[in-house]
>>> print(open('query.cif').read())   # mmCIF, C-alpha atoms
data_target
loop_
_atom_site.label_atom_id
_atom_site.label_comp_id
_atom_site.auth_asym_id
_atom_site.auth_seq_id
_atom_site.Cartn_x
_atom_site.Cartn_y
_atom_site.Cartn_z
CA MET A 14 0.00 0.00 0.00
CA LEU A 15 1.32 3.41 -0.93
CA VAL A 16 1.38 5.76 2.02
CA LEU A 17 1.17 9.46 1.22
CA SER A 18 1.20 12.36 3.67
CA GLY A 19 1.01 9.85 6.48
CA SER A 20 -2.34 8.56 5.26
CA THR A 21 -3.03 4.85 5.40
CA PHE A 22 -5.42 5.21 2.49
CA PRO A 23 -4.60 3.47 -0.73
CA ILE A 24 -3.79 6.32 -3.06
CA GLN A 25 -4.01 6.40 -6.81
CA GLU A 26 -0.89 8.03 -8.14
CA TRP A 27 -1.78 9.12 -11.63
CA SER A 28 -4.82 11.35 -11.32
CA GLU A 29 -5.11 14.73 -9.61
CA LEU A 30 -8.04 15.74 -7.49
CA ASN A 31 -9.96 18.64 -8.94
CA TYR A 32 -9.19 21.12 -6.17
CA ASP A 33 -10.78 24.01 -8.05
CA ALA A 34 -14.12 22.22 -8.25
CA LEU A 35 -13.93 21.22 -4.58
CA GLY A 36 -13.02 24.78 -3.62
CA ALA A 37 -15.96 26.16 -5.56
CA GLU A 38 -18.31 23.93 -3.56
CA LEU A 39 -16.85 25.07 -0.23
CA LYS A 40 -16.99 28.71 -1.30
CA LYS A 41 -20.62 28.40 -2.33
CA LEU A 42 -21.54 26.83 0.99
CA ARG A 43 -19.91 29.62 3.01
CA GLU A 44 -21.54 32.27 0.83
CA ASN A 45 -25.00 30.70 0.91
CA VAL A 46 -25.30 29.88 4.60
CA ALA A 47 -25.02 32.67 7.15
CA GLY A 48 -22.65 31.82 9.97
CA VAL A 49 -20.41 29.29 8.22
CA THR A 50 -16.88 30.28 9.20
CA ASP A 51 -14.61 27.43 8.06
CA THR A 52 -14.82 24.30 5.93
CA VAL A 53 -12.59 21.26 5.51
CA ILE A 54 -12.79 18.21 3.29
CA ALA A 55 -10.82 15.29 4.68
CA ALA A 56 -10.31 11.61 4.13
CA SER A 57 -12.24 9.54 6.65
CA ASP A 58 -8.96 8.55 8.32
CA GLY A 59 -8.53 12.20 9.32
CA ILE A 60 -6.07 13.40 6.70
CA PRO A 61 -7.11 16.83 5.37
CA ILE A 62 -7.64 17.11 1.61
CA LEU A 63 -8.75 20.73 1.15
CA ALA A 64 -9.38 23.44 3.72
CA ASP A 65 -10.79 26.95 3.77
CA VAL A 66 -10.11 28.02 7.34
CA ALA A 67 -9.14 31.03 9.41
CA LYS A 68 -5.54 31.28 10.59
CA ASN A 69 -6.38 30.10 14.09
CA VAL A 70 -7.98 26.86 12.85
CA ASP A 71 -5.68 23.89 12.22
CA PRO A 72 -7.12 21.70 9.44
CA ALA A 73 -5.12 18.67 10.66
CA HIS A 74 -6.59 18.87 14.15
CA ILE A 75 -10.10 19.51 12.91
CA SER A 76 -9.88 16.64 10.41
CA ALA A 77 -8.62 14.22 13.04
CA LEU A 78 -11.35 15.20 15.51
CA ALA A 79 -14.01 15.02 12.82
CA ALA A 80 -12.87 11.58 11.67
CA SER A 81 -12.88 10.14 15.15
CA GLY A 82 -16.23 11.73 15.98
CA LEU A 83 -17.74 10.49 12.77
CA GLY A 84 -16.38 6.98 13.42
CA ILE A 85 -18.01 6.88 16.85
CA ALA A 86 -21.26 8.29 15.48
CA ARG A 87 -21.26 5.75 12.64
CA GLN A 88 -20.76 2.90 15.06
CA THR A 89 -23.49 4.32 17.29
CA THR A 90 -26.01 4.36 14.46
CA GLU A 91 -25.18 0.73 13.70
CA VAL A 92 -25.27 -0.49 17.31
CA VAL A 93 -28.41 1.42 18.25
CA GLY A 94 -30.09 0.72 14.93
CA LEU A 95 -30.50 4.28 13.72
CA GLY A 96 -30.02 3.48 10.05
CA SER A 97 -27.21 5.03 8.08
CA LEU A 98 -25.30 8.00 9.43
CA GLY A 99 -25.88 11.32 7.73
CA GLN A 100 -24.10 13.85 9.92
CA THR A 101 -23.04 14.81 13.39
CA VAL A 102 -23.41 18.27 14.90
CA VAL A 103 -21.57 19.52 17.96
CA PHE A 104 -23.42 22.37 19.70
CA GLY A 105 -21.21 24.77 21.64
CA SER A 106 -22.21 27.96 23.41
CA GLU A 107 -20.13 29.90 20.87
CA GLY A 108 -20.66 27.86 17.74
CA TYR A 109 -21.13 24.59 15.92
CA MET A 110 -19.14 21.87 14.22
CA ALA A 111 -21.07 19.80 11.69
CA VAL A 112 -19.46 16.74 10.11
CA TYR A 113 -20.89 15.00 7.06
CA ALA A 114 -19.91 11.61 5.79
CA ILE A 115 -19.12 11.62 2.07
CA GLY A 116 -19.51 7.96 1.27
CA ARG A 117 -17.17 5.70 3.27
CA LEU A 118 -13.91 7.34 2.23
CA SER A 119 -14.20 11.02 3.09
CA LEU A 120 -15.95 13.64 5.14
CA MET A 121 -16.73 17.34 5.22
CA VAL A 122 -16.41 19.56 8.27
CA VAL A 123 -18.34 22.82 8.58
CA LEU A 124 -17.61 25.19 11.46
CA GLY A 125 -20.12 27.89 12.29
CA ASP A 126 -20.48 30.76 14.74
CA LYS A 127 -23.26 30.95 17.32
CA GLY A 128 -25.64 32.50 14.79
CA LEU A 129 -25.18 29.73 12.21
CA ASN A 130 -28.29 29.04 10.17
CA LEU A 131 -28.25 25.35 11.02
CA GLY A 132 -31.50 24.55 9.25
CA ARG A 133 -30.26 26.06 6.02
CA LEU A 134 -26.91 24.32 6.39
CA LEU A 135 -28.61 20.93 6.66
CA HIS A 136 -30.63 21.78 3.54
CA GLU A 137 -27.78 23.26 1.47
CA SER A 138 -25.21 20.67 2.46
CA ARG A 139 -27.05 17.73 0.85
CA PRO A 140 -26.40 18.65 -2.80
CA VAL A 141 -22.89 19.82 -1.85
CA ILE A 142 -22.14 16.40 -0.36
CA GLU A 143 -23.42 14.76 -3.56
CA ARG A 144 -21.23 16.91 -5.79
CA VAL A 145 -18.14 16.71 -3.58
CA GLY A 146 -18.56 12.94 -3.48
CA ALA A 147 -18.71 12.84 -7.29
CA ILE A 148 -15.62 15.05 -7.63
CA LEU A 149 -13.66 12.90 -5.18
CA ALA A 150 -14.72 9.75 -6.99
CA ALA A 151 -13.88 11.09 -10.47
CA MET B 61 -43.98 34.03 9.65
CA ARG B 62 -40.94 32.17 8.35
CA ILE B 63 -38.74 33.84 5.74
CA VAL B 64 -36.61 31.35 3.86
CA GLY B 65 -33.46 32.85 2.41
CA ASN B 66 -30.00 33.96 3.34
CA ALA B 67 -29.98 35.02 6.13
CA GLY B 68 -33.75 34.47 6.42
CA GLY B 69 -35.54 34.56 9.74
CA LEU B 70 -38.60 33.89 11.83
CA PHE B 71 -41.07 36.64 12.75
CA HIS B 72 -43.06 35.83 15.88
CA LEU B 73 -46.46 37.52 15.93
CA ARG B 74 -49.02 37.73 18.69
CA ASP B 75 -52.39 39.42 18.17
CA GLY B 76 -51.11 40.87 14.92
CA LEU B 77 -48.02 42.45 16.47
CA VAL B 78 -44.40 41.40 16.12
CA ILE B 79 -42.98 40.24 19.46
CA ALA B 80 -39.65 38.83 18.25
CA VAL B 81 -37.55 38.27 15.13
CA ASP B 82 -35.03 35.44 15.11
CA SER B 83 -32.52 35.63 12.29
CA PRO B 84 -29.13 34.03 11.66
CA GLY B 85 -28.23 37.43 10.23
CA SER B 86 -28.36 39.35 13.49
CA PRO B 87 -27.41 38.63 17.09
CA GLY B 88 -30.51 37.94 19.15
CA ALA B 89 -31.55 39.57 22.40
CA ASP B 90 -29.67 36.85 24.31
CA THR B 91 -26.37 37.67 22.61
CA LEU B 92 -26.94 41.41 22.98
CA LEU B 93 -27.67 41.05 26.71
CA LEU B 94 -24.62 38.89 27.36
CA SER B 95 -22.20 41.01 25.36
CA SER B 96 -23.46 44.21 26.97
CA GLY B 97 -22.46 42.85 30.36
CA LEU B 98 -25.97 43.35 31.73
CA ILE B 99 -25.87 39.75 32.84
CA GLY B 100 -23.06 37.24 33.28
CA GLU B 101 -22.91 33.79 31.64
CA GLU B 102 -23.60 31.94 34.89
CA ASP B 103 -26.63 34.07 35.73
CA TRP B 104 -27.83 33.70 32.16
CA ALA B 105 -27.59 29.91 32.34
CA ALA B 106 -29.42 29.92 35.69
CA ALA B 107 -32.14 32.19 34.29
CA LEU B 108 -32.61 29.85 31.32
CA ILE B 109 -33.02 26.84 33.61
CA GLU B 110 -35.47 28.69 35.82
CA SER B 111 -37.49 29.89 32.85
CA VAL B 112 -38.13 26.33 31.65
CA GLU B 113 -40.65 25.94 34.45
CA THR B 114 -41.82 29.51 34.93
CA ARG B 115 -42.09 30.15 31.15
CA SER B 116 -40.77 33.66 31.60
CA LEU B 117 -37.13 34.35 30.89
CA GLN B 118 -37.77 38.04 31.42
CA ALA B 119 -38.90 37.46 35.01
CA ALA B 120 -35.82 35.30 35.64
CA LEU B 121 -33.58 38.06 34.25
CA VAL B 122 -35.26 40.76 36.33
CA ALA B 123 -34.80 38.55 39.41
CA ARG B 124 -31.07 38.62 38.62
CA GLY B 125 -30.81 42.37 38.51
CA VAL B 126 -31.53 43.29 34.89
CA THR B 127 -34.10 46.06 35.00
CA PRO B 128 -37.32 45.61 33.00
CA ALA B 129 -36.46 48.79 31.10
CA ARG B 130 -33.12 47.35 29.91
CA VAL B 131 -34.77 44.09 28.89
CA GLN B 132 -37.31 46.14 26.95
CA ASP B 133 -34.59 48.19 25.24
CA VAL B 134 -32.61 45.13 24.22
CA THR B 135 -35.59 43.09 23.01
CA ALA B 136 -36.98 46.03 21.03
CA ALA B 137 -33.55 46.59 19.43
CA ALA B 138 -33.35 42.89 18.56
CA VAL B 139 -36.72 43.04 16.77
CA LEU B 140 -35.64 46.00 14.63
CA ASP B 141 -32.24 44.46 13.94
CA GLY B 142 -33.74 41.08 13.04
CA ALA B 143 -36.12 42.68 10.55
CA PHE B 144 -33.19 44.59 9.01
CA ALA B 145 -31.13 41.40 8.81
CA VAL B 146 -33.89 39.59 6.94
CA ALA B 147 -34.58 42.50 4.58
CA ALA B 148 -30.90 43.12 3.78
CA GLY B 149 -30.40 39.54 2.64
CA GLU B 150 -31.89 37.28 -0.01
CA ILE B 151 -35.51 36.26 0.40
CA GLU B 152 -36.58 33.11 -1.42
CA ARG B 153 -40.06 32.49 -0.04
CA HIS B 154 -42.15 32.87 3.06
CA SER B 155 -44.75 30.91 4.91
CA VAL B 156 -47.17 31.71 7.71
CA ASP B 157 -48.27 29.09 10.17
CA GLU B 158 -50.06 28.89 13.46
CA SER B 159 -47.20 27.22 15.29
CA VAL B 160 -46.84 27.90 18.97
CA GLU B 161 -43.07 28.16 18.81
CA HIS B 162 -42.41 30.67 21.56
CA PRO B 163 -39.53 33.10 21.18
CA LEU B 164 -36.84 32.88 23.81
CA LEU B 165 -37.22 36.48 24.87
CA PRO B 166 -40.26 38.28 23.44
CA ALA B 167 -40.21 42.06 23.28
CA SER B 168 -41.97 43.69 26.19
CA THR B 169 -43.44 46.18 23.75
CA ALA B 170 -44.68 44.53 20.58
CA VAL B 171 -44.28 46.33 17.26
CA ALA B 172 -46.97 46.76 14.60
CA PRO B 173 -45.87 45.22 11.27
CA ASP B 174 -46.38 48.48 9.34
CA VAL B 175 -44.21 50.38 11.83
CA LEU B 176 -41.53 47.71 11.53
CA LEU B 177 -41.75 47.85 7.76
CA VAL B 178 -41.28 51.63 7.68
CA GLU B 179 -38.37 51.49 10.12
CA THR B 180 -36.67 48.69 8.17
CA ALA B 181 -37.10 50.48 4.84
CA SER B 182 -35.66 53.62 6.42
CA ARG B 183 -32.60 51.68 7.65
CA LEU B 184 -32.04 50.13 4.22
CA ASP B 185 -32.36 53.55 2.57
CA ALA B 186 -29.97 55.12 5.06
CA LEU B 187 -27.41 52.37 4.43
CA ALA B 188 -27.75 52.75 0.66
CA SER B 189 -27.17 56.50 0.91
CA LEU B 190 -23.90 56.20 2.85
CA PRO B 191 -20.68 57.06 0.96
CA PHE B 192 -19.71 53.38 0.95
CA PRO B 193 -22.90 51.27 0.89
CA LEU B 194 -22.16 47.62 1.51
CA SER B 195 -23.94 44.32 1.83
CA PRO B 196 -23.74 42.95 5.37
CA TYR B 197 -23.46 39.45 3.90
CA ARG B 198 -21.64 39.67 0.59
CA ASP B 199 -18.81 42.10 1.36
CA ARG B 200 -15.95 40.81 3.47
CA VAL B 201 -13.67 43.43 4.93
CA VAL B 202 -10.04 43.67 5.96
CA ALA B 203 -8.19 46.31 7.97
CA VAL B 204 -5.99 48.69 6.03
CA HIS B 205 -2.37 48.40 7.14
CA GLY B 206 -1.47 51.22 9.51
CA ALA B 207 -5.07 52.31 10.01
CA GLU B 208 -5.69 54.13 13.27
CA PRO B 209 -9.21 53.59 14.56
CA ALA B 210 -10.65 56.50 16.50
CA THR B 211 -13.07 54.73 18.82
CA ALA B 212 -13.15 51.55 20.89
CA GLU B 213 -15.84 50.09 18.62
CA GLN B 214 -13.72 50.81 15.55
CA ARG B 215 -10.73 49.15 17.21
CA GLU B 216 -12.80 46.05 17.91
CA ILE B 217 -14.06 45.97 14.33
CA VAL B 218 -10.51 46.30 12.99
CA GLU B 219 -9.42 43.39 15.21
CA HIS B 220 -12.09 41.17 13.73
CA ALA B 221 -11.73 42.36 10.14
CA THR B 222 -9.62 39.42 8.98
CA GLY B 223 -10.83 39.56 5.40
CA ARG B 224 -12.84 36.38 5.89
CA ARG B 225 -15.62 38.10 7.82
CA ASN B 226 -18.50 40.21 6.55
CA ALA B 227 -20.45 42.74 8.65
CA ARG B 228 -22.80 40.03 9.87
CA ASP B 229 -19.91 37.84 11.07
CA ILE B 230 -18.28 40.79 12.85
CA ALA B 231 -21.59 41.74 14.50
CA PHE B 232 -21.81 38.21 15.93
CA ALA B 233 -18.17 38.19 16.97
CA LEU B 234 -18.68 41.45 18.86
CA GLY B 235 -22.21 40.73 20.07
CA LEU B 236 -23.46 44.00 18.63
CA GLY B 237 -26.44 44.80 16.41
CA LEU B 238 -26.07 44.07 12.70
CA HIS B 239 -27.36 47.46 11.60
CA SER B 240 -25.03 49.51 13.78
CA VAL B 241 -22.00 47.39 12.85
CA THR B 242 -22.85 47.57 9.14
CA VAL B 243 -23.18 51.35 9.28
CA GLU B 244 -19.92 51.69 11.21
CA ILE B 245 -18.08 49.44 8.74
CA SER B 246 -19.48 51.49 5.89
CA ARG B 247 -18.08 54.66 7.50
CA MET B 248 -14.74 52.97 8.13
CA LEU B 249 -14.57 51.90 4.48
CA ALA B 250 -15.20 55.48 3.44
CA ASP B 251 -12.56 56.73 5.90
CA GLY B 252 -9.94 54.29 4.63
CA LEU B 253 -9.71 52.24 7.84
CA LEU B 254 -11.07 49.13 6.13
CA GLU B 255 -11.21 47.84 2.59
CA ILE B 256 -13.13 45.14 0.78
CA ALA B 257 -10.99 42.02 1.00
CA PRO B 258 -9.74 40.41 -2.20
CA PRO B 259 -11.25 36.96 -2.96
CA THR B 260 -7.94 35.25 -2.19
CA THR B 261 -8.13 36.60 1.36
CA SER B 262 -11.84 35.93 1.84
CA PHE B 263 -11.45 32.32 0.74
CA SER B 264 -8.04 30.84 1.46
CA PHE B 265 -7.89 27.29 0.18
CA SER B 266 -5.01 25.05 1.06
CA HIS B 267 -4.34 21.45 0.21
CA TRP B 268 -1.57 18.98 0.82
CA GLY B 269 -1.12 17.39 -2.55
CA LEU B 270 -3.35 14.43 -1.89
CA THR B 271 -4.15 13.05 -5.32
CA SER B 272 -7.14 10.78 -5.16
CA LEU B 273 -9.15 8.58 -2.85
CA HIS B 274 -9.42 5.83 -5.45
CA PRO B 275 -8.14 2.45 -4.39
CA ARG B 276 -4.81 1.95 -6.07
CA ALA B 277 -4.90 -0.36 -9.04
CA PRO B 278 -2.83 -3.48 -8.56
CA ARG B 279 0.62 -3.08 -10.03
CA GLU B 280 4.15 -4.22 -9.51
CA VAL B 281 5.96 -2.33 -6.78
CA GLU B 282 9.68 -2.74 -6.27
CA CYS B 283 10.54 -3.06 -2.62
#
>>> encode(input="query.cif", output="structure tokens")
Amino acid sequence: MLVLSGSTFPIQEWSELNYDALGAELKKLRENVAGVTDTVIAASDGIPILADVAKNVDPAHISALAASGLGIARQTTEVVGLGSLGQTVVFGSEGYMAVYAIGRLSLMVVLGDKGLNLGRLLHESRPVIERVGAILAA
Amino acid sequence: MRIVGNAGGLFHLRDGLVIAVDSPGSPGADTLLLSSGLIGEEDWAAALIESVETRSLQAALVARGVTPARVQDVTAAAVLDGAFAVAAGEIERHSVDESVEHPLLPASTAVAPDVLLVETASRLDALASLPFPLSPYRDRVVAVHGAEPATAEQREIVEHATGRRNARDIAFALGLGLHSVTVEISRMLADGLLEIAPPTTSFSFSHWGLTSLHPRAPREVEC
């Protein structure tokens, strides 16, 4: 297995991810949903792929936390019988962290401030997840 | 009445009068109260717990030393600011229902819709007539290097003007009303303290050269 950037994911060497297309999706999400502050796309083992974050946000830390949280949530849905996992949302007094599974191989993290339009995020994120999944799979 | 859009919002009406406006575009009465220092976080949390049973957050706040007049001021300001936040953004559709979703902190003095409409239109007009009219959602601002803010509020705005934030984001970061922050930013843009951030600052993408998540095709690897 080829190991790249410390990832244990099997990596295809000959094709490049379309970062521009991924970036356009993250940009659209931040523009269309009030309160979204930062976004990260990561592999589900916690290795960041693309990030649009403020200087004080470390994409590596966020990706690792998101991956572990998503893993626990996924196992919870299986053990408790809640169907398939769609997302997890952490509610803090000063903001939110939403994590979306993109298939089995990747995830998307959305950070928001305390005024985040969570309802709109849940609505807008669905097509974004679809498109990001397609770009990653291309 | 629910306004779907960006930022969108929820107008709470009682007997035909607006008693609260919740919008992701403007800090609510809770944020305004906390950031003003009228009540501390611990007292706020205790008031919230108490209000679950008494159904009156206002009474719980007054019991903790916030005068009814201050609660009235803040809740009334939040209604006006919420209406401005909804009107300044994109509106896709609206719906009216008879839900009994109670606002967290209703205004002590309800506002007639036509009064709210006139006030909101006046705020939008005033913003449009400023030397540097800006969208509280679309325009992201960054401090001009070497700028010397004149007031404490301007200093705080400069500190938060990273280029990634718009007026709405800064209003939430400071816990101040959207309208007042938007107007102040507009003035600061005109005075050369702030500028509209370039797209590369507003959206700063970084990646680490990961190529693809495809499983690697079987091939010979020399070890």
>>> resolve_selection(input="query.cif", expression="the PyMOL selection byres ((chain B and resi 135) around 10)", output="PyMOL selection string")
chain B and resi 79-81+88-90+92-93+129-134+136-141+165-170
>>> resolve_selection(input="query.cif", expression="the PyMOL selection byres ((chain A and resi 62-73) around 8)", output="list in words")
Tyr32, Leu35, Gly36, Leu39, Thr50, Asp51, Thr52, Val53, Ile54, Ala55, Ala56, Gly59, Ile60, Pro61, His74, Ile75, Ser76 and Ala77 of chain A; Arg224, Phe263, Ser264, Phe265, Ser266, His267, Trp268, Gly269 and Leu270 of chain B
>>> resolve_selection(input="query.cif", expression="the PyMOL selection byres ((chain B and resi 246) around 12)", output="NGL selection string")
:B and (186-196 or 199-201 or 214 or 217 or 226-227 or 239-245 or 247-256)
>>> atom_distance(input="query.cif", atom1="atom CA of Val175 of chain B", atom2="atom CA of Asp82 of chain B")
17.8 Å
>>> atom_distance(input="query.cif", atom1="atom CA of Glu179 of chain B", atom2="atom CA of Ala143 of chain B")
9.1 Å
>>> closest_residue(input="query.cif", among="B:Val171, B:Leu77, B:Val146, B:Ala107", to="chain A", atoms="all atoms listed in the file")
B:Val146
>>> closest_residue(input="query.cif", among="B:Asp103, B:Glu113, B:Asp157, B:Glu150", to="chain A", atoms="only C-alpha atoms")
B:Glu150
>>> atom_distance(input="query.cif", atom1="atom CA of Lys40 of chain A", atom2="atom CA of Ser97 of chain A")
27.4 Å
>>> closest_residue(input="query.cif", among="B:Thr180, B:Thr91, B:Ser262, B:Glu101", to="Ala145 of chain B", atoms="only C-alpha atoms")
B:Thr180
>>> closest_residue(input="query.cif", among="A:Glu44, A:Asp58, A:Glu137, A:Glu91", to="Arg198 of chain B", atoms="only C-alpha atoms")
A:Glu44
>>> residues_around(input="query.cif", residues="Leu135 of chain A", least_positions_apart="2", cutoff="10 Å", atoms="all atoms listed in the file", output="list in words")
Val46, Gln100, Ala111, Tyr113, Asn130, Leu131, Gly132, Arg133, Glu137, Ser138, Arg139 and Pro140 of chain A
>>> closest_residue(input="query.cif", among="A:Arg144, A:Lys127, A:His136, A:Arg87", to="chain B", atoms="all atoms listed in the file")
A:Lys127
>>> closest_residue(input="query.cif", among="A:Ser81, A:Ser106, A:Ser57, A:Thr90", to="Gly125 of chain A", atoms="only C-alpha atoms")
A:Ser106
>>> residues_around(input="query.cif", residues="Ala123 of chain B", least_positions_apart="6", cutoff="12 Å", atoms="only C-alpha atoms", output="count of residues only")
10
>>> residues_around(input="query.cif", residues="Gly108 of chain A", least_positions_apart="2", cutoff="9 Å", atoms="all atoms listed in the file", output="number ranges by chain")
A: 48, 103-106, 110, 124-129
>>> decode(input="query.cif", residues="segment 85-96 of chain B", atoms="N, CA, C and O atoms", output="compact mmCIF listing (two decimals), in the first residue's frame")
# COMPACT_ATOMS: atom_id res chain seq x y z
N GLY B 85 -28.95 36.25 10.72
CA GLY B 85 -28.23 37.43 10.23
C GLY B 85 -27.93 38.45 11.31
O GLY B 85 -27.11 39.35 11.10
N SER B 86 -28.59 38.35 12.46
CA SER B 86 -28.36 39.35 13.49
C SER B 86 -28.34 38.71 14.87
O SER B 86 -29.13 37.80 15.14
N PRO B 87 -27.45 39.18 15.73
CA PRO B 87 -27.41 38.63 17.09
C PRO B 87 -28.75 38.85 17.79
O PRO B 87 -29.33 39.94 17.70
N GLY B 88 -29.23 37.83 18.47
CA GLY B 88 -30.51 37.94 19.15
C GLY B 88 -30.39 38.69 20.47
O GLY B 88 -29.29 39.07 20.89
N ALA B 89 -31.54 38.84 21.13
CA ALA B 89 -31.55 39.57 22.40
C ALA B 89 -30.63 38.89 23.42
O ALA B 89 -30.00 39.58 24.23
N ASP B 90 -30.54 37.57 23.36
CA ASP B 90 -29.67 36.85 24.31
C ASP B 90 -28.21 37.26 24.15
O ASP B 90 -27.52 37.59 25.11
N THR B 91 -27.76 37.29 22.89
CA THR B 91 -26.37 37.67 22.61
C THR B 91 -26.12 39.13 23.01
O THR B 91 -25.08 39.47 23.59
N LEU B 92 -27.09 39.99 22.68
CA LEU B 92 -26.94 41.41 22.98
C LEU B 92 -26.86 41.63 24.50
O LEU B 92 -26.05 42.44 24.98
N LEU B 93 -27.68 40.91 25.25
CA LEU B 93 -27.67 41.05 26.71
C LEU B 93 -26.34 40.58 27.30
O LEU B 93 -25.75 41.26 28.14
N LEU B 94 -25.87 39.44 26.82
CA LEU B 94 -24.62 38.89 27.36
C LEU B 94 -23.43 39.77 27.01
O LEU B 94 -22.59 40.05 27.85
N SER B 95 -23.36 40.22 25.77
CA SER B 95 -22.20 41.01 25.36
C SER B 95 -22.21 42.40 25.98
O SER B 95 -21.16 43.02 26.13
N SER B 96 -23.39 42.87 26.36
CA SER B 96 -23.46 44.21 26.97
C SER B 96 -23.00 44.17 28.42
O SER B 96 -22.79 45.22 29.03
